[in-house]
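Participant: First the structure, then my questions, so here it is.
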Amino acid sequence: MKSKHQIIVTIFKKALSVFFAIFLLQCTKEANSIKKEVASKDLVKHVNPMIGTSKMGHVFPGATAPFGMVQLSPQTNFEVMFTQGKYNPKTYEYCAGYQFKDTTIIGFAHTNFSGTGHSDLGDFLVMPTVGNLVLDPLKTKDGKKGFYSTFSHQTENAKAGYYKVALESYNIKAELTATERVGFHKYKFPKSSEAHILFDFVYNVYHHDNKNVWTFIRIENDSTITGYRQTKGWARTKKVFFAAKFSKPFKSYGHKKYDNTSYNGFYGRFNERENFPEMAGKNIRAYFNFDTNEGEEIKLKFALSSVSSSGAMKNLEEEISHWNFNKVKKETQQKWNNELSKIEVETIKETQKETFYTALYHTMLSPVLYEDVDGSYRGLDQNIHKSSGFTNYTIFSLWDTYRALHPLFNIIQRERNNDMIKSMLAHQAQSVHQMLPIWSHYANENWCMIGYHATSVIADAIVKNVGNFDKIKALNASVKTANVSYFDGLGDYIKYQYVPDDKSHSSVSKTLELAYDDWAIAQIAKSVNDTATVATFLKRSKYYKNVFNQKNGFMSPRLSNGKFRENFDPLDTHGQGFIEGNAWNYGLYVPHQLDTMIYMMGGKKRFSAFLDTLFTKKLEDKYIDKHEDITRDGIIGNYVHGNEPGHHIPYLYNWTGNNHKTQARVRMIMDTMYGTGVDGLCGNDDAGQMSAWYIFSSLGFYPVTPGSNKYALGSPLIKAATLHLENGKTLIIKAKNQSEENVYVAKLTINGKQVDRNYILHEEIMNGGTFEFLMSDTYE
């Protein structure tokens, strides 16, 4: 029998247990309430997908989920890639298929790039029409109107995850939303016995006569269609499969081939053009006919897969098993709110908030998910693989995105960036060249631009303790990539210790970028204590010194005989050893040894004066007229913000002791190069890099050297920001006395302690706490 004392102790323990249970339950409720509050914030309202580059037409105004494979967007016109056997420069205006200046829509395509300097995709164009059946988009053979519709921007409504427009020519209201793998269309028709929904599988972004390799379509039943298309463009062998379902059975269907078919087997015994359940050819436009009542809605679910039409069907059934359009729209916009809520900001002006969240939205349009719901995906070897321990991604515009986009992911998208690196390692394992991706999309290496910047992405993740990928495997992949002698001047780089200008174009740019990438490999090797590889690649990382010409003070093209090239113009952006830049700006690319570079160029005082001149010296039109990627909109003096090689330059004043000049320049660039109009970007966004620069700079720091744990300080534009980190911690950034005039940082404290340096550490970000900038209109 228990004593009185034991009974009291037992009651006390039970009461204490109940108290702690209630306390823990309340804490959980409060934590969930905080998470719910963060996730429920309507930040989508601050996103304007119309913000882009109106002159270059790289805006992506359509519907997509964050990092979604389906990017469903209006296509307003097109220009063929070649006319009379020559490249047509006007095709560049339609890199994303959309131009704000246009007044026509030719349909809605399911795959698009957002802000890349070259292009592809535009797969599976869908267009609703009424009246006489017309299958040509712009003009028929007899010169009559094609199936396009006029539209007005007044009826457009573009939000994250949603797009709406009135197709005036047909009195049809079109609405679009999407999940990660499925595009969801809703078309509100007038009363008609001649309503049509067209599948234009001839259409491509960057179309040329040999772009389409093969198209195959099956009519599974009176409302379900499957098939695939293979194209040959920027991606040399690209296959995309689909499965589509209408909410209403079609009454009839048919197609037209635009091929010169020399042999068709015994299919000639059929009337393939009408109500025949399979269609095959290079260039096909199909149509599906309906009777509609006034205001009747026909919905279409259109799923994609890189693997098979059955895979696309699984994606469709898994992601949208119903016909509730508004439910999908709401769920996708909540996904956007969840992602955008990772950084909550207060700004001086409401327009700055719109610019910020649109930029943050742009950083989440690519890379894109590239696997079916069961993990199956098409690999670089064109075989079908299944992801294990990661989610597979594609669209790696690495010459652009290693600079700031992937470093941003190492703060707010750490799990995704880990998966992206594993995707790169899978690419390397499937590569017959045994190389990491250079610029890859849709199971293809397209070899665009220079360097091997996957090494930078890997090094930056390692130094910032991101992910659980195999470091040894990553190092081996990097070393193999860095020794493929036939890759773009690499063999000569290894032999001569620079890229000779008489053996390779863009020789100086290649030397500078390769030297930095080699430094990144050394950082990977350090993480696994491979001292021999560290030594090898640190030596290679100094090869940039071999293209510095002491006589003219510039990084300059050098010949294989060791002499620097004569007749060199450091202002010219064409044929002078640089790609998309000149010696004045691209010549400053030594992010891993900036102190040494500044010493070579005359020391801190002289280099600071050089930067002053760079920002004020006029760059004449003749120096940039041969470049599509460099326009006057993105230029300040001779500094080109509209293109990536110079994005670190405003921060270089920090290495000269003139921190205030960095602060003034950065704020000026944010104010003048970014905005809320249709020309709100000063250059193409390059898969999020332009926008990532803005996000970092708005917060007050920037990763000048990816692969280092340091961020150079700038001048924050926000009044306050709250970063909800994946490790559960919260970072609060405050800018006291913030105003348009107060661009200088008088003091910075981290968790109440003053910081007397012009950089912050990655650990200080990830540990959470409070950064407090004291802003001023003067500097000491």
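Here's how to read the names in the structure tokens: chain A, B, ... by the order shown, residue numbers from 1 in each chain, ligand numbers from 1 in the order shown.
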May I have all residues of range 566-669 of chain A that DSSP, computed from the backbone, assigns to alpha helix (DSSP H), given as a PDB file with N, CA, C and O atoms, in the first residue's frame?
Facilitator:
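Okay, this is what ended up in out08.pdb:
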```
ATOM      1  N   LEU A 594      40.888  38.523 -56.159  1.00  0.00           N
ATOM      2  CA  LEU A 594      40.657  39.937 -56.476  1.00  0.00           C
ATOM      3  C   LEU A 594      41.797  40.831 -56.004  1.00  0.00           C
ATOM      4  O   LEU A 594      42.168  41.786 -56.696  1.00  0.00           O
ATOM      5  N   ASP A 595      42.352  40.541 -54.853  1.00  0.00           N
ATOM      6  CA  ASP A 595      43.468  41.355 -54.366  1.00  0.00           C
ATOM      7  C   ASP A 595      44.647  41.305 -55.333  1.00  0.00           C
ATOM      8  O   ASP A 595      45.292  42.325 -55.612  1.00  0.00           O
ATOM      9  N   THR A 596      44.931  40.107 -55.851  1.00  0.00           N
ATOM     10  CA  THR A 596      46.026  39.952 -56.809  1.00  0.00           C
ATOM     11  C   THR A 596      45.715  40.691 -58.102  1.00  0.00           C
ATOM     12  O   THR A 596      46.586  41.376 -58.663  1.00  0.00           O
ATOM     13  N   MET A 597      44.492  40.567 -58.587  1.00  0.00           N
ATOM     14  CA  MET A 597      44.099  41.254 -59.819  1.00  0.00           C
ATOM     15  C   MET A 597      44.243  42.767 -59.660  1.00  0.00           C
ATOM     16  O   MET A 597      44.758  43.458 -60.556  1.00  0.00           O
ATOM     17  N   ILE A 598      43.796  43.293 -58.529  1.00  0.00           N
ATOM     18  CA  ILE A 598      43.876  44.745 -58.298  1.00  0.00           C
ATOM     19  C   ILE A 598      45.327  45.193 -58.232  1.00  0.00           C
ATOM     20  O   ILE A 598      45.692  46.246 -58.775  1.00  0.00           O
ATOM     21  N   TYR A 599      46.182  44.407 -57.611  1.00  0.00           N
ATOM     22  CA  TYR A 599      47.614  44.721 -57.572  1.00  0.00           C
ATOM     23  C   TYR A 599      48.195  44.753 -58.983  1.00  0.00           C
ATOM     24  O   TYR A 599      48.948  45.660 -59.348  1.00  0.00           O
ATOM     25  N   MET A 600      47.824  43.746 -59.804  1.00  0.00           N
ATOM     26  CA  MET A 600      48.315  43.694 -61.181  1.00  0.00           C
ATOM     27  C   MET A 600      47.889  44.930 -61.973  1.00  0.00           C
ATOM     28  O   MET A 600      48.616  45.398 -62.857  1.00  0.00           O
ATOM     29  N   LYS A 604      45.091  49.668 -55.365  1.00  0.00           N
ATOM     30  CA  LYS A 604      43.725  50.027 -54.967  1.00  0.00           C
ATOM     31  C   LYS A 604      43.296  51.397 -55.484  1.00  0.00           C
ATOM     32  O   LYS A 604      42.181  51.550 -55.999  1.00  0.00           O
ATOM     33  N   LYS A 605      44.136  52.401 -55.360  1.00  0.00           N
ATOM     34  CA  LYS A 605      43.750  53.753 -55.771  1.00  0.00           C
ATOM     35  C   LYS A 605      43.504  53.813 -57.269  1.00  0.00           C
ATOM     36  O   LYS A 605      42.496  54.367 -57.730  1.00  0.00           O
ATOM     37  N   ARG A 606      44.419  53.227 -58.010  1.00  0.00           N
ATOM     38  CA  ARG A 606      44.287  53.258 -59.468  1.00  0.00           C
ATOM     39  C   ARG A 606      43.093  52.418 -59.915  1.00  0.00           C
ATOM     40  O   ARG A 606      42.365  52.805 -60.834  1.00  0.00           O
ATOM     41  N   PHE A 607      42.875  51.285 -59.251  1.00  0.00           N
ATOM     42  CA  PHE A 607      41.771  50.425 -59.644  1.00  0.00           C
ATOM     43  C   PHE A 607      40.429  51.088 -59.329  1.00  0.00           C
ATOM     44  O   PHE A 607      39.472  50.985 -60.111  1.00  0.00           O
ATOM     45  N   SER A 608      40.358  51.779 -58.202  1.00  0.00           N
ATOM     46  CA  SER A 608      39.131  52.486 -57.857  1.00  0.00           C
ATOM     47  C   SER A 608      38.818  53.557 -58.896  1.00  0.00           C
ATOM     48  O   SER A 608      37.659  53.727 -59.307  1.00  0.00           O
ATOM     49  N   ALA A 609      39.863  54.256 -59.345  1.00  0.00           N
ATOM     50  CA  ALA A 609      39.670  55.267 -60.396  1.00  0.00           C
ATOM     51  C   ALA A 609      39.241  54.603 -61.705  1.00  0.00           C
ATOM     52  O   ALA A 609      38.433  55.163 -62.465  1.00  0.00           O
ATOM     53  N   PHE A 610      39.774  53.415 -61.978  1.00  0.00           N
ATOM     54  CA  PHE A 610      39.389  52.660 -63.167  1.00  0.00           C
ATOM     55  C   PHE A 610      37.892  52.343 -63.118  1.00  0.00           C
ATOM     56  O   PHE A 610      37.170  52.486 -64.122  1.00  0.00           O
ATOM     57  N   LEU A 611      37.413  51.914 -61.950  1.00  0.00           N
ATOM     58  CA  LEU A 611      35.989  51.621 -61.803  1.00  0.00           C
ATOM     59  C   LEU A 611      35.148  52.879 -62.007  1.00  0.00           C
ATOM     60  O   LEU A 611      34.083  52.836 -62.640  1.00  0.00           O
ATOM     61  N   ASP A 612      35.624  54.000 -61.480  1.00  0.00           N
ATOM     62  CA  ASP A 612      34.893  55.265 -61.688  1.00  0.00           C
ATOM     63  C   ASP A 612      34.727  55.540 -63.177  1.00  0.00           C
ATOM     64  O   ASP A 612      33.652  55.918 -63.649  1.00  0.00           O
ATOM     65  N   THR A 613      35.815  55.360 -63.906  1.00  0.00           N
ATOM     66  CA  THR A 613      35.774  55.613 -65.351  1.00  0.00           C
ATOM     67  C   THR A 613      34.866  54.613 -66.053  1.00  0.00           C
ATOM     68  O   THR A 613      34.137  54.962 -66.984  1.00  0.00           O
ATOM     69  N   LEU A 614      34.904  53.369 -65.596  1.00  0.00           N
ATOM     70  CA  LEU A 614      34.061  52.333 -66.192  1.00  0.00           C
ATOM     71  C   LEU A 614      32.589  52.731 -66.146  1.00  0.00           C
ATOM     72  O   LEU A 614      31.845  52.552 -67.116  1.00  0.00           O
ATOM     73  N   PHE A 615      32.158  53.297 -65.029  1.00  0.00           N
ATOM     74  CA  PHE A 615      30.750  53.650 -64.870  1.00  0.00           C
ATOM     75  C   PHE A 615      30.376  54.967 -65.559  1.00  0.00           C
ATOM     76  O   PHE A 615      29.194  55.274 -65.676  1.00  0.00           O
ATOM     77  N   THR A 616      31.343  55.721 -65.991  1.00  0.00           N
ATOM     78  CA  THR A 616      31.034  57.026 -66.603  1.00  0.00           C
ATOM     79  C   THR A 616      31.445  57.122 -68.072  1.00  0.00           C
ATOM     80  O   THR A 616      30.942  57.974 -68.798  1.00  0.00           O
ATOM     81  N   ASN A 659      34.182  51.470 -49.765  1.00  0.00           N
ATOM     82  CA  ASN A 659      32.917  50.761 -49.607  1.00  0.00           C
ATOM     83  C   ASN A 659      31.725  51.632 -49.998  1.00  0.00           C
ATOM     84  O   ASN A 659      30.723  51.132 -50.534  1.00  0.00           O
ATOM     85  N   HIS A 660      31.830  52.928 -49.724  1.00  0.00           N
ATOM     86  CA  HIS A 660      30.719  53.833 -50.003  1.00  0.00           C
ATOM     87  C   HIS A 660      30.391  53.890 -51.491  1.00  0.00           C
ATOM     88  O   HIS A 660      29.236  54.099 -51.879  1.00  0.00           O
ATOM     89  N   LYS A 661      31.391  53.686 -52.336  1.00  0.00           N
ATOM     90  CA  LYS A 661      31.144  53.716 -53.780  1.00  0.00           C
ATOM     91  C   LYS A 661      30.361  52.476 -54.215  1.00  0.00           C
ATOM     92  O   LYS A 661      29.496  52.562 -55.091  1.00  0.00           O
ATOM     93  N   THR A 662      30.677  51.332 -53.611  1.00  0.00           N
ATOM     94  CA  THR A 662      29.850  50.148 -53.860  1.00  0.00           C
ATOM     95  C   THR A 662      28.411  50.431 -53.455  1.00  0.00           C
ATOM     96  O   THR A 662      27.460  50.136 -54.199  1.00  0.00           O
ATOM     97  N   GLN A 663      28.225  51.014 -52.282  1.00  0.00           N
ATOM     98  CA  GLN A 663      26.881  51.265 -51.775  1.00  0.00           C
ATOM     99  C   GLN A 663      26.100  52.193 -52.697  1.00  0.00           C
ATOM    100  O   GLN A 663      24.932  51.939 -53.019  1.00  0.00           O
ATOM    101  N   ALA A 664      26.732  53.237 -53.169  1.00  0.00           N
ATOM    102  CA  ALA A 664      26.060  54.185 -54.057  1.00  0.00           C
ATOM    103  C   ALA A 664      25.748  53.558 -55.406  1.00  0.00           C
ATOM    104  O   ALA A 664      24.647  53.735 -55.961  1.00  0.00           O
ATOM    105  N   ARG A 665      26.690  52.817 -55.969  1.00  0.00           N
ATOM    106  CA  ARG A 665      26.489  52.198 -57.282  1.00  0.00           C
ATOM    107  C   ARG A 665      25.382  51.146 -57.234  1.00  0.00           C
ATOM    108  O   ARG A 665      24.520  51.088 -58.123  1.00  0.00           O
ATOM    109  N   VAL A 666      25.413  50.320 -56.200  1.00  0.00           N
ATOM    110  CA  VAL A 666      24.424  49.247 -56.100  1.00  0.00           C
ATOM    111  C   VAL A 666      23.017  49.820 -55.996  1.00  0.00           C
ATOM    112  O   VAL A 666      22.084  49.355 -56.671  1.00  0.00           O
ATOM    113  N   ARG A 667      22.850  50.844 -55.171  1.00  0.00           N
ATOM    114  CA  ARG A 667      21.522  51.440 -55.033  1.00  0.00           C
ATOM    115  C   ARG A 667      21.080  52.085 -56.346  1.00  0.00           C
ATOM    116  O   ARG A 667      19.912  52.011 -56.737  1.00  0.00           O
ATOM    117  N   MET A 668      22.013  52.735 -57.021  1.00  0.00           N
ATOM    118  CA  MET A 668      21.684  53.361 -58.296  1.00  0.00           C
ATOM    119  C   MET A 668      21.247  52.326 -59.326  1.00  0.00           C
ATOM    120  O   MET A 668      20.280  52.533 -60.069  1.00  0.00           O
ATOM    121  N   ILE A 669      21.929  51.183 -59.358  1.00  0.00           N
ATOM    122  CA  ILE A 669      21.574  50.130 -60.310  1.00  0.00           C
ATOM    123  C   ILE A 669      20.198  49.563 -60.001  1.00  0.00           C
ATOM    124  O   ILE A 669      19.377  49.353 -60.900  1.00  0.00           O
TER     125      ILE A 669
END
```
Participant: Find the residues around range 744-746 of chain A up to 6 Å (only C-alpha atoms counted), leave out those fewer than 4 positions away in its own chain, and share them as JSON, numbers by chain.
Facilitator: {"A": [663, 774, 775, 776, 777]}
Participant: How many Å lie between CA of Gly752 in chain A and CA of Phe773 in chain A, rounded to one decimal?
Facilitator: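 Taking CA of Gly752 in chain A as the start and CA of Phe773 in chain A as the end point, the length is 10.8 Å.
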Participant: Using only C-alpha atoms, tabulate the residues of range 281-378 of chain A lying at most 12 Å from any atom of range 72-85 of chain A, each with its closest atom pair and that distance in Å to one decimal, by chain and increasing residue number, as a tab-separated table.
Facilitator:
```
residue	atom	partner	partner_atom	distance
A:Lys301	CA	A:Leu72	CA	11.5
A:Phe302	CA	A:Leu72	CA	9.9
A:Ala303	CA	A:Leu72	CA	10.9
A:Leu304	CA	A:Leu72	CA	11.3
A:Leu365	CA	A:Leu72	CA	11.8
```
Participant: Kindly save the residues from that selection, with all heavy atoms included, as a PDB file, in the first residue's frame.
Facilitator:
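As written to disk, result_1.pdb reads:
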```
ATOM      1  N   LYS A 301      -7.160  19.274 -69.795  1.00  0.00           N
ATOM      2  CA  LYS A 301      -5.993  18.965 -68.964  1.00  0.00           C
ATOM      3  C   LYS A 301      -4.929  18.373 -69.884  1.00  0.00           C
ATOM      4  O   LYS A 301      -5.205  17.403 -70.601  1.00  0.00           O
ATOM      5  CB  LYS A 301      -6.368  17.981 -67.849  1.00  0.00           C
ATOM      6  CG  LYS A 301      -7.368  18.540 -66.868  1.00  0.00           C
ATOM      7  CD  LYS A 301      -7.651  17.596 -65.703  1.00  0.00           C
ATOM      8  CE  LYS A 301      -8.456  16.395 -66.109  1.00  0.00           C
ATOM      9  NZ  LYS A 301      -8.938  15.606 -64.934  1.00  0.00           N
ATOM     10  N   PHE A 302      -3.738  18.948 -69.845  1.00  0.00           N
ATOM     11  CA  PHE A 302      -2.685  18.565 -70.793  1.00  0.00           C
ATOM     12  C   PHE A 302      -1.410  18.291 -69.996  1.00  0.00           C
ATOM     13  O   PHE A 302      -0.762  19.205 -69.477  1.00  0.00           O
ATOM     14  CB  PHE A 302      -2.465  19.700 -71.787  1.00  0.00           C
ATOM     15  CG  PHE A 302      -1.830  19.286 -73.089  1.00  0.00           C
ATOM     16  CD1 PHE A 302      -2.566  19.265 -74.260  1.00  0.00           C
ATOM     17  CD2 PHE A 302      -0.487  18.919 -73.151  1.00  0.00           C
ATOM     18  CE1 PHE A 302      -1.993  18.900 -75.475  1.00  0.00           C
ATOM     19  CE2 PHE A 302       0.101  18.549 -74.340  1.00  0.00           C
ATOM     20  CZ  PHE A 302      -0.653  18.537 -75.516  1.00  0.00           C
ATOM     21  N   ALA A 303      -1.069  17.008 -69.857  1.00  0.00           N
ATOM     22  CA  ALA A 303       0.065  16.595 -69.035  1.00  0.00           C
ATOM     23  C   ALA A 303       1.280  16.263 -69.893  1.00  0.00           C
ATOM     24  O   ALA A 303       1.143  15.772 -71.017  1.00  0.00           O
ATOM     25  CB  ALA A 303      -0.305  15.381 -68.196  1.00  0.00           C
ATOM     26  N   LEU A 304       2.455  16.491 -69.355  1.00  0.00           N
ATOM     27  CA  LEU A 304       3.716  16.233 -70.055  1.00  0.00           C
ATOM     28  C   LEU A 304       4.516  15.139 -69.360  1.00  0.00           C
ATOM     29  O   LEU A 304       4.352  14.875 -68.173  1.00  0.00           O
ATOM     30  CB  LEU A 304       4.573  17.499 -70.104  1.00  0.00           C
ATOM     31  CG  LEU A 304       3.988  18.743 -70.749  1.00  0.00           C
ATOM     32  CD1 LEU A 304       5.047  19.837 -70.821  1.00  0.00           C
ATOM     33  CD2 LEU A 304       3.429  18.454 -72.129  1.00  0.00           C
ATOM     34  N   LEU A 365      11.433  30.015 -61.607  1.00  0.00           N
ATOM     35  CA  LEU A 365      10.900  29.500 -62.870  1.00  0.00           C
ATOM     36  C   LEU A 365      11.801  28.437 -63.479  1.00  0.00           C
ATOM     37  O   LEU A 365      11.365  27.671 -64.349  1.00  0.00           O
ATOM     38  CB  LEU A 365      10.704  30.651 -63.865  1.00  0.00           C
ATOM     39  CG  LEU A 365       9.623  31.669 -63.491  1.00  0.00           C
ATOM     40  CD1 LEU A 365       9.592  32.798 -64.510  1.00  0.00           C
ATOM     41  CD2 LEU A 365       8.255  31.011 -63.379  1.00  0.00           C
TER      42      LEU A 365
END
```
Participant: Going by DSSP on the backbone, which bits of range 345-481 of chain A are strand (DSSP E)? Write them as a ChimeraX atom specification, please.
Facilitator: /A:345-346,368-369,376-378,384-386,393-394,396-397,439-441,444-445
Participant: Any chance you can output those residues with N, CA, C and O atoms as a PDB file, in the first residue's frame?
Facilitator:
```pdb
ATOM      1  N   VAL A 345       9.295  41.040 -46.985  1.00  0.00           N
ATOM      2  CA  VAL A 345       9.977  42.325 -46.976  1.00  0.00           C
ATOM      3  C   VAL A 345       9.015  43.486 -46.746  1.00  0.00           C
ATOM      4  O   VAL A 345       7.832  43.419 -47.095  1.00  0.00           O
ATOM      5  N   GLU A 346       9.557  44.536 -46.159  1.00  0.00           N
ATOM      6  CA  GLU A 346       8.920  45.840 -46.109  1.00  0.00           C
ATOM      7  C   GLU A 346       9.794  46.785 -46.929  1.00  0.00           C
ATOM      8  O   GLU A 346      11.024  46.740 -46.834  1.00  0.00           O
ATOM      9  N   VAL A 368      13.809  23.394 -63.885  1.00  0.00           N
ATOM     10  CA  VAL A 368      12.468  22.841 -63.753  1.00  0.00           C
ATOM     11  C   VAL A 368      12.510  21.358 -63.419  1.00  0.00           C
ATOM     12  O   VAL A 368      13.460  20.654 -63.745  1.00  0.00           O
ATOM     13  N   LEU A 369      11.458  20.926 -62.749  1.00  0.00           N
ATOM     14  CA  LEU A 369      11.258  19.514 -62.453  1.00  0.00           C
ATOM     15  C   LEU A 369      11.290  18.712 -63.749  1.00  0.00           C
ATOM     16  O   LEU A 369      10.690  19.115 -64.743  1.00  0.00           O
ATOM     17  N   SER A 376      10.500   8.535 -62.759  1.00  0.00           N
ATOM     18  CA  SER A 376      11.125   8.173 -64.040  1.00  0.00           C
ATOM     19  C   SER A 376      11.447   9.429 -64.848  1.00  0.00           C
ATOM     20  O   SER A 376      10.679  10.398 -64.852  1.00  0.00           O
ATOM     21  N   TYR A 377      12.589   9.414 -65.547  1.00  0.00           N
ATOM     22  CA  TYR A 377      12.959  10.541 -66.403  1.00  0.00           C
ATOM     23  C   TYR A 377      13.859  10.047 -67.533  1.00  0.00           C
ATOM     24  O   TYR A 377      14.493   8.996 -67.438  1.00  0.00           O
ATOM     25  N   ARG A 378      13.906  10.827 -68.592  1.00  0.00           N
ATOM     26  CA  ARG A 378      14.806  10.530 -69.708  1.00  0.00           C
ATOM     27  C   ARG A 378      16.165  11.136 -69.395  1.00  0.00           C
ATOM     28  O   ARG A 378      16.279  12.323 -69.094  1.00  0.00           O
ATOM     29  N   ILE A 384      15.802   5.581 -70.140  1.00  0.00           N
ATOM     30  CA  ILE A 384      14.902   5.949 -69.055  1.00  0.00           C
ATOM     31  C   ILE A 384      15.542   5.557 -67.728  1.00  0.00           C
ATOM     32  O   ILE A 384      15.950   4.405 -67.537  1.00  0.00           O
ATOM     33  N   HIS A 385      15.616   6.505 -66.830  1.00  0.00           N
ATOM     34  CA  HIS A 385      16.205   6.295 -65.508  1.00  0.00           C
ATOM     35  C   HIS A 385      15.154   6.582 -64.439  1.00  0.00           C
ATOM     36  O   HIS A 385      14.106   7.160 -64.723  1.00  0.00           O
ATOM     37  N   LYS A 386      15.455   6.197 -63.229  1.00  0.00           N
ATOM     38  CA  LYS A 386      14.578   6.499 -62.108  1.00  0.00           C
ATOM     39  C   LYS A 386      15.404   7.153 -61.016  1.00  0.00           C
ATOM     40  O   LYS A 386      16.450   6.617 -60.605  1.00  0.00           O
ATOM     41  N   TYR A 393      16.062  17.469 -62.011  1.00  0.00           N
ATOM     42  CA  TYR A 393      15.773  18.778 -62.587  1.00  0.00           C
ATOM     43  C   TYR A 393      16.507  18.941 -63.915  1.00  0.00           C
ATOM     44  O   TYR A 393      17.500  18.265 -64.186  1.00  0.00           O
ATOM     45  N   THR A 394      16.012  19.877 -64.716  1.00  0.00           N
ATOM     46  CA  THR A 394      16.685  20.239 -65.966  1.00  0.00           C
ATOM     47  C   THR A 394      16.580  21.749 -66.163  1.00  0.00           C
ATOM     48  O   THR A 394      15.946  22.448 -65.382  1.00  0.00           O
ATOM     49  N   PHE A 396      19.696  24.001 -67.003  1.00  0.00           N
ATOM     50  CA  PHE A 396      20.833  24.515 -66.252  1.00  0.00           C
ATOM     51  C   PHE A 396      21.594  25.515 -67.122  1.00  0.00           C
ATOM     52  O   PHE A 396      22.459  25.146 -67.911  1.00  0.00           O
ATOM     53  N   SER A 397      21.254  26.779 -66.959  1.00  0.00           N
ATOM     54  CA  SER A 397      21.903  27.866 -67.694  1.00  0.00           C
ATOM     55  C   SER A 397      23.106  28.345 -66.884  1.00  0.00           C
ATOM     56  O   SER A 397      23.151  29.470 -66.375  1.00  0.00           O
ATOM     57  N   TRP A 439      25.490  23.804 -70.397  1.00  0.00           N
ATOM     58  CA  TRP A 439      24.156  24.439 -70.488  1.00  0.00           C
ATOM     59  C   TRP A 439      23.256  23.339 -71.023  1.00  0.00           C
ATOM     60  O   TRP A 439      23.350  22.946 -72.179  1.00  0.00           O
ATOM     61  N   SER A 440      22.400  22.800 -70.180  1.00  0.00           N
ATOM     62  CA  SER A 440      21.651  21.606 -70.572  1.00  0.00           C
ATOM     63  C   SER A 440      20.167  21.802 -70.356  1.00  0.00           C
ATOM     64  O   SER A 440      19.738  22.526 -69.446  1.00  0.00           O
ATOM     65  N   HIS A 441      19.375  21.158 -71.210  1.00  0.00           N
ATOM     66  CA  HIS A 441      17.935  21.144 -71.009  1.00  0.00           C
ATOM     67  C   HIS A 441      17.313  19.952 -71.719  1.00  0.00           C
ATOM     68  O   HIS A 441      17.775  19.526 -72.764  1.00  0.00           O
ATOM     69  N   ASN A 444      19.376  16.924 -72.901  1.00  0.00           N
ATOM     70  CA  ASN A 444      20.343  17.280 -73.942  1.00  0.00           C
ATOM     71  C   ASN A 444      21.366  18.269 -73.392  1.00  0.00           C
ATOM     72  O   ASN A 444      21.030  19.151 -72.602  1.00  0.00           O
ATOM     73  N   GLU A 445      22.600  18.098 -73.818  1.00  0.00           N
ATOM     74  CA  GLU A 445      23.633  19.121 -73.602  1.00  0.00           C
ATOM     75  C   GLU A 445      23.640  20.006 -74.844  1.00  0.00           C
ATOM     76  O   GLU A 445      23.792  19.502 -75.957  1.00  0.00           O
TER      77      GLU A 445
END
```
Participant: By how many Å are CA of Val457 in chain A and CA of Ser485 in chain A apart?
Facilitator: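 Between these atoms lies a distance of 22.0 Å.
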Participant: Could you name the residues that touch His427 in chain A at 12 Å or less, counting only C-alpha atoms, but leaving out those on the same chain fewer than 4 positions away, as a CSV table (one decimal) with C-alpha atoms, in the first residue's frame?
Facilitator:
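Result written to part.csv:
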```
chain,number,residue,atom,x,y,z
A,377,TYR,CA,13.0,10.5,-66.4
A,378,ARG,CA,14.8,10.5,-69.7
A,379,GLY,CA,18.5,10.8,-69.2
A,380,LEU,CA,21.3,12.4,-71.2
A,381,ASP,CA,21.9,8.9,-72.8
A,382,GLN,CA,18.3,8.9,-74.0
A,383,ASN,CA,17.5,6.0,-71.8
A,385,HIS,CA,16.2,6.3,-65.5
A,387,SER,CA,15.7,9.0,-59.6
A,392,ASN,CA,15.6,15.3,-61.1
A,393,TYR,CA,15.8,18.8,-62.6
A,394,THR,CA,16.7,20.2,-66.0
A,395,ILE,CA,17.4,23.7,-67.6
A,396,PHE,CA,20.8,24.5,-66.3
A,420,MET,CA,19.9,20.0,-58.6
A,421,ILE,CA,23.5,19.1,-57.9
A,422,LYS,CA,22.5,15.4,-57.8
A,423,SER,CA,20.8,15.9,-61.2
A,431,SER,CA,27.5,11.7,-70.5
A,432,VAL,CA,29.6,9.9,-73.1
A,433,HIS,CA,32.0,12.8,-72.6
A,434,GLN,CA,31.9,12.2,-68.8
A,435,MET,CA,31.3,15.9,-68.3
A,436,LEU,CA,29.1,17.8,-65.9
A,437,PRO,CA,26.4,20.0,-67.6
A,438,ILE,CA,27.6,23.1,-69.4
A,439,TRP,CA,24.2,24.4,-70.5
A,440,SER,CA,21.7,21.6,-70.6
A,441,HIS,CA,17.9,21.1,-71.0
A,442,TYR,CA,15.5,18.3,-71.7
A,443,ALA,CA,18.0,15.4,-71.6
A,444,ASN,CA,20.3,17.3,-73.9
A,445,GLU,CA,23.6,19.1,-73.6
A,454,ALA,CA,28.7,23.2,-62.4
A,474,ALA,CA,31.4,15.3,-57.2
A,477,ALA,CA,33.1,14.4,-61.9
A,481,THR,CA,35.1,17.5,-66.8
```
Participant: May I have the residues within 6 Å of Ala359 in chain A as a VMD selection string, using only C-alpha atoms and disregarding those fewer than 3 positions away in the same chain?
Facilitator: chain A and resid 356 362 691
Participant: Show me, as a list in words, the residues that have an atom within 8 Å of range 259-269 of chain A when counting only C-alpha atoms, minus same-chain residues fewer than 2 positions from it.
Facilitator: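 Everything that qualifies: Lys257, Asn271, Glu272, Gly281, Lys282 and Asn283 of chain A.
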